[in-house]
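Participant: Sharing target_37.cif below, mmCIF, C-alpha atoms:
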data_target
#
loop_
_atom_site.group_PDB
_atom_site.id
_atom_site.type_symbol
_atom_site.label_atom_id
_atom_site.label_comp_id
_atom_site.auth_asym_id
_atom_site.auth_seq_id
_atom_site.Cartn_x
_atom_site.Cartn_y
_atom_site.Cartn_z
ATOM 1 C CA MET A 1 182.625 199.953 110.584
ATOM 2 C CA PHE A 2 181.822 196.266 110.993
ATOM 3 C CA PRO A 3 184.275 193.588 112.116
ATOM 4 C CA ALA A 4 186.149 192.259 109.112
ATOM 5 C CA ASP A 5 185.981 188.546 109.830
ATOM 6 C CA ASN A 6 184.296 185.934 111.995
ATOM 7 C CA LEU A 7 187.161 185.995 114.464
ATOM 8 C CA ASP A 8 186.181 189.547 115.394
ATOM 9 C CA HIS A 9 182.630 188.369 116.119
ATOM 10 C CA TYR A 10 183.977 185.696 118.442
ATOM 11 C CA ARG A 11 186.150 188.234 120.238
ATOM 12 C CA ILE A 12 183.174 190.530 120.700
ATOM 13 C CA LEU A 13 181.003 187.716 122.028
ATOM 14 C CA SER A 14 183.807 186.526 124.292
ATOM 15 C CA SER A 15 184.243 189.983 125.760
ATOM 16 C CA MET A 16 180.486 190.152 126.386
ATOM 17 C CA LEU A 17 180.631 186.935 128.449
ATOM 18 C CA ALA A 18 182.413 188.448 131.446
ATOM 19 C CA PRO A 19 179.577 190.897 132.184
ATOM 20 C CA ALA A 20 177.078 188.070 131.629
ATOM 21 C CA LEU A 21 178.796 185.974 134.301
ATOM 22 C CA LEU A 22 178.745 188.935 136.663
ATOM 23 C CA MET A 23 175.026 189.378 135.903
ATOM 24 C CA ALA A 24 174.402 185.762 136.914
ATOM 25 C CA ALA A 25 176.352 186.216 140.147
ATOM 26 C CA THR A 26 174.490 189.439 140.892
ATOM 27 C CA GLY A 27 171.183 187.683 140.272
ATOM 28 C CA SER A 28 172.101 185.000 142.790
ATOM 29 C CA LEU A 29 172.973 187.641 145.367
ATOM 30 C CA LEU A 30 169.672 189.410 144.664
ATOM 31 C CA ILE A 31 167.730 186.220 145.346
ATOM 32 C CA SER A 32 169.606 185.774 148.614
ATOM 33 C CA ALA A 33 169.145 189.408 149.650
ATOM 34 C CA ASN A 34 165.436 189.351 148.840
ATOM 35 C CA ASN A 35 165.023 186.168 150.890
ATOM 36 C CA ARG A 36 166.802 187.850 153.799
ATOM 37 C CA LEU A 37 164.534 190.868 153.465
ATOM 38 C CA ALA A 38 161.468 188.615 153.493
ATOM 39 C CA ARG A 39 162.694 186.949 156.701
ATOM 40 C CA VAL A 40 163.291 190.309 158.369
ATOM 41 C CA VAL A 41 159.825 191.512 157.347
ATOM 42 C CA ASP A 42 158.230 188.306 158.674
ATOM 43 C CA ARG A 43 160.083 188.692 161.964
ATOM 44 C CA LEU A 44 159.050 192.344 162.231
ATOM 45 C CA ARG A 45 155.401 191.411 161.674
ATOM 46 C CA SER A 46 155.686 188.758 164.360
ATOM 47 C CA LEU A 47 157.235 191.212 166.818
ATOM 48 C CA VAL A 48 154.585 193.856 166.103
ATOM 49 C CA GLY A 49 151.910 191.205 166.731
ATOM 50 C CA GLN A 50 153.559 190.337 170.042
ATOM 51 C CA LEU A 51 153.772 194.015 170.942
ATOM 52 C CA ASP A 52 149.993 194.441 170.792
ATOM 53 C CA GLY A 53 149.343 191.795 173.426
ATOM 54 C CA SER A 54 152.449 192.252 175.534
ATOM 55 C CA SER A 55 152.678 193.209 179.168
ATOM 56 C CA PRO A 56 154.162 196.618 180.004
ATOM 57 C CA GLN A 57 157.333 194.972 181.351
ATOM 58 C CA HIS A 58 158.015 193.128 178.064
ATOM 59 C CA ARG A 59 157.175 196.090 175.839
ATOM 60 C CA PRO A 60 160.636 197.786 176.012
ATOM 61 C CA GLU A 61 162.494 194.624 174.978
ATOM 62 C CA LEU A 62 160.080 194.060 172.070
ATOM 63 C CA GLU A 63 160.517 197.675 170.965
ATOM 64 C CA LEU A 64 164.293 197.221 171.086
ATOM 65 C CA GLN A 65 164.043 194.091 168.928
ATOM 66 C CA ILE A 66 161.793 195.934 166.473
ATOM 67 C CA SER A 67 164.275 198.802 166.175
ATOM 68 C CA ARG A 68 167.134 196.346 165.579
ATOM 69 C CA HIS A 69 165.208 194.554 162.851
ATOM 70 C CA ARG A 70 164.348 197.875 161.213
ATOM 71 C CA VAL A 71 168.089 198.604 160.972
ATOM 72 C CA ARG A 72 168.598 195.152 159.462
ATOM 73 C CA SER A 73 165.888 195.804 156.873
ATOM 74 C CA LYS A 74 167.554 199.083 155.894
ATOM 75 C CA HIS A 75 170.884 197.314 155.339
ATOM 76 C CA VAL A 76 169.247 194.659 153.158
ATOM 77 C CA LEU A 77 167.350 197.331 151.227
ATOM 78 C CA ARG A 78 170.586 199.231 150.553
ATOM 79 C CA ALA A 79 172.226 195.994 149.414
ATOM 80 C CA CYS A 80 169.323 195.274 147.043
ATOM 81 C CA VAL A 81 169.529 198.750 145.552
ATOM 82 C CA MET A 82 173.264 198.367 144.976
ATOM 83 C CA LEU A 83 172.737 194.937 143.415
ATOM 84 C CA TYR A 84 170.134 196.312 141.013
ATOM 85 C CA VAL A 85 172.499 199.151 140.106
ATOM 86 C CA SER A 86 175.259 196.588 139.516
ATOM 87 C CA LEU A 87 172.990 194.483 137.354
ATOM 88 C CA GLY A 88 172.140 197.522 135.257
ATOM 89 C CA CYS A 89 175.816 198.407 134.927
ATOM 90 C CA PHE A 90 176.703 194.894 133.789
ATOM 91 C CA VAL A 91 173.900 194.879 131.210
ATOM 92 C CA GLY A 92 175.131 198.294 130.065
ATOM 93 C CA THR A 93 178.688 196.977 129.881
ATOM 94 C CA SER A 94 177.673 194.084 127.671
ATOM 95 C CA LEU A 95 175.700 196.320 125.335
ATOM 96 C CA ALA A 96 178.426 198.979 125.312
ATOM 97 C CA LEU A 97 180.997 196.365 124.273
ATOM 98 C CA ALA A 98 178.861 195.363 121.282
ATOM 99 C CA VAL A 99 178.069 198.953 120.302
ATOM 100 C CA ASP A 100 181.710 199.925 120.733
ATOM 101 C CA ALA A 101 182.882 197.135 118.421
ATOM 102 C CA PHE A 102 180.342 197.981 115.730
ATOM 103 C CA SER A 103 180.998 201.722 115.932
ATOM 104 C CA GLY A 104 184.702 201.337 115.343
ATOM 105 C CA PHE A 105 185.651 201.506 119.034
ATOM 106 C CA ARG A 106 184.450 205.063 119.530
ATOM 107 C CA LEU A 107 183.023 204.662 123.044
ATOM 108 C CA GLY A 108 186.432 204.905 124.675
ATOM 109 C CA LEU A 109 186.333 203.971 128.345
ATOM 110 C CA ALA A 110 182.529 203.728 128.614
ATOM 111 C CA PRO A 111 182.375 199.886 128.797
ATOM 112 C CA THR A 112 185.181 199.813 131.352
ATOM 113 C CA ILE A 113 183.604 202.533 133.473
ATOM 114 C CA LEU A 114 180.281 200.673 133.477
ATOM 115 C CA ALA A 115 182.022 197.444 134.483
ATOM 116 C CA VAL A 116 183.929 199.141 137.301
ATOM 117 C CA ALA A 117 180.725 200.806 138.522
ATOM 118 C CA GLY A 118 179.036 197.399 138.572
ATOM 119 C CA VAL A 119 181.856 195.828 140.549
ATOM 120 C CA LEU A 120 181.836 198.747 143.004
ATOM 121 C CA GLY A 121 178.095 198.208 143.422
ATOM 122 C CA LEU A 122 178.769 194.549 144.250
ATOM 123 C CA LEU A 123 181.370 195.629 146.789
ATOM 124 C CA ALA A 124 178.927 198.052 148.436
ATOM 125 C CA ALA A 125 176.182 195.417 148.477
ATOM 126 C CA SER A 126 178.569 192.942 150.096
ATOM 127 C CA PHE A 127 179.366 195.515 152.770
ATOM 128 C CA PHE A 128 175.661 196.100 153.554
ATOM 129 C CA LEU A 129 174.908 192.364 153.574
ATOM 130 C CA THR A 130 177.823 191.826 155.959
ATOM 131 C CA LEU A 131 176.431 194.468 158.304
ATOM 132 C CA GLU A 132 173.033 192.803 158.139
ATOM 133 C CA VAL A 133 174.420 189.365 158.938
ATOM 134 C CA VAL A 134 176.345 190.730 161.915
ATOM 135 C CA LEU A 135 173.173 192.376 163.214
ATOM 136 C CA ALA A 136 171.175 189.192 162.632
ATOM 137 C CA VAL A 137 173.583 187.152 164.722
ATOM 138 C CA ARG A 138 173.673 189.793 167.477
ATOM 139 C CA ASN A 139 169.879 189.979 167.539
ATOM 140 C CA PHE A 140 169.583 186.221 167.700
ATOM 141 C CA SER A 141 172.096 186.069 170.523
ATOM 142 C CA ALA A 142 170.229 188.779 172.448
ATOM 143 C CA GLU A 143 166.926 186.956 171.951
ATOM 144 C CA LEU A 144 168.474 183.725 173.212
ATOM 145 C CA ASP A 145 169.862 185.500 176.284
ATOM 146 C CA LEU A 146 166.439 186.988 176.955
ATOM 147 C CA GLU A 147 164.732 183.618 176.628
ATOM 148 C CA VAL A 148 167.266 181.950 178.938
ATOM 149 C CA THR A 149 166.674 184.705 181.510
ATOM 150 C CA ARG A 150 162.897 184.274 181.256
ATOM 151 C CA ARG A 151 163.116 180.519 181.743
ATOM 152 C CA ALA A 152 165.448 180.928 184.707
ATOM 153 C CA ARG A 153 162.889 183.236 186.366
ATOM 154 C CA LYS A 154 160.114 180.689 185.870
ATOM 155 C CA ASP A 155 162.107 177.914 187.545
#
Using structure tokens, write down the structure that the file contains.
Facilitator:
Amino acid sequence: MFPADNLDHYRILSSMLAPALLMAATGSLLISANNRLARVVDRLRSLVGQLDGSSPQHRPELELQISRHRVRSKHVLRACVMLYVSLGCFVGTSLALAVDAFSGFRLGLAPTILAVAGVLGLLAASFFLTLEVVLAVRNFSAELDLEVTRRARKD
């Protein structure tokens, strides 16, 4: 069964816009999360490079920083996975809305379930990104404290 008039086409297209807006928002979050992951990876590479030439007394603090950044990278990775799942759900929602309209609304709750799954994925990704930001600030604070202590010893 096809929509009877042009108004139905506009309603279908309008209903497909909400998932499209959520796709755009998810894409922005993915760019941000991938940039965060790149920064964590760069920092880890720097720390590993420092570890090779470090004195035995500095080695434990570098290893602690490395382990903290590994936890950060895992949080960002989880967030990225959830964002990709959300993106897929929103694409599925948009397509399901169109298929549902052209099949005489036989898909039932499928478009709604996909949309809810996408939003839940965004919520989970936000949680993991929040954890990562908290760890980033704590790590930075610990590194600053360490640097202040080192400089105080030199003076």
Participant: Give me, as CSV, the closest atom pair and its distance (Å, one decimal) for every residue of range 5-95 of chain A within a cut-off of 6 Å of range 115-137 of chain A, counting only C-alpha atoms, rows sorted by chain and rising number.
Facilitator:
residue,atom,partner,partner_atom,distance
A:Arg72,CA,A:Glu132,CA,5.2
A:His75,CA,A:Phe128,CA,5.2
A:Ala79,CA,A:Ala125,CA,4.1
A:Met82,CA,A:Gly121,CA,5.1
A:Ser86,CA,A:Gly118,CA,4.0
A:Cys89,CA,A:Gly118,CA,5.0
A:Phe90,CA,A:Gly118,CA,5.9
A:Thr93,CA,A:Ala115,CA,5.7
Participant: Please determine, counting all atoms listed in the file, which residue among A:Gly53, A:Ser73, A:Arg106, A:Leu64 has the shortest atom-to-atom distance to Arg36 in chain A.
Facilitator: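 Ranked by minimum distance to Arg36 in chain A, first place goes to A:Ser73.
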Participant: Would you mind reading off the distance between CA of His58 in chain A and CA of Val40 in chain A, one decimal, in Å?
Facilitator: 20.6 Å
Participant: Mind pulling up the distance from CA of Arg43 in chain A to CA of Ala24 in chain A?
Facilitator: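 The value is 29.0 Å.
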Participant: Return the single residue from A:Leu29, A:Leu13, A:Cys80, A:Ala142 that is closest to Ala98 in chain A, with distances computed using all atoms listed in the file.
Facilitator: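 With all atoms listed in the file as the atom set, the closest residue is A:Leu13.
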Participant: What is the distance, in Å and to one decimal place, between CA of Asn139 in chain A and CA of His69 in chain A?
Facilitator: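 Rounded to one decimal, the two atoms are 8.0 Å apart.
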Participant: Residues at most 10 Å from Ile66 in chain A, counting all atoms listed in the file, excluding those fewer than 3 positions away in the same chain, as a list in words?
Facilitator: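 The filter keeps Val40, Arg43, Leu44, Arg45, Ser46, Leu47, Val48, Leu51, Pro60, Glu61, Leu62, Glu63, His69, Arg70, Val71 and Arg72 of chain A.
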Participant: Quick one: write out the picked residues with C-alpha atoms as a PDB file, in the frame of the given file?
Facilitator:
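The file below, result-v3.pdb, is the result:
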ATOM      1  CA  VAL A  40     163.291 190.309 158.369  1.00  0.00           C
ATOM      2  CA  ARG A  43     160.083 188.692 161.964  1.00  0.00           C
ATOM      3  CA  LEU A  44     159.050 192.344 162.231  1.00  0.00           C
ATOM      4  CA  ARG A  45     155.401 191.411 161.674  1.00  0.00           C
ATOM      5  CA  SER A  46     155.686 188.758 164.360  1.00  0.00           C
ATOM      6  CA  LEU A  47     157.235 191.212 166.818  1.00  0.00           C
ATOM      7  CA  VAL A  48     154.585 193.856 166.103  1.00  0.00           C
ATOM      8  CA  LEU A  51     153.772 194.015 170.942  1.00  0.00           C
ATOM      9  CA  PRO A  60     160.636 197.786 176.012  1.00  0.00           C
ATOM     10  CA  GLU A  61     162.494 194.624 174.978  1.00  0.00           C
ATOM     11  CA  LEU A  62     160.080 194.060 172.070  1.00  0.00           C
ATOM     12  CA  GLU A  63     160.517 197.675 170.965  1.00  0.00           C
ATOM     13  CA  HIS A  69     165.208 194.554 162.851  1.00  0.00           C
ATOM     14  CA  ARG A  70     164.348 197.875 161.213  1.00  0.00           C
ATOM     15  CA  VAL A  71     168.089 198.604 160.972  1.00  0.00           C
ATOM     16  CA  ARG A  72     168.598 195.152 159.462  1.00  0.00           C
TER      17      ARG A  72
END
Participant: Find the residue from A:Ala110, A:Phe102, A:Arg68, A:Ala33 that sits nearest to Arg138 in chain A; use only C-alpha atoms when measuring.
Facilitator: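 Ranked by minimum distance to Arg138 in chain A, first place goes to A:Arg68.
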Participant: Mind checking which residues fall within 12 Å of Ser28 in chain A, counting all atoms listed in the file, ignoring those fewer than 6 positions away in the same chain, and posting them as a list of chain:residue names?
Facilitator: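 After dropping sequence-adjacent residues, the list is A:Leu21, A:Leu22, A:Asn34, A:Asn35, A:Cys80, A:Leu83, A:Tyr84, A:Leu87, A:Leu122.
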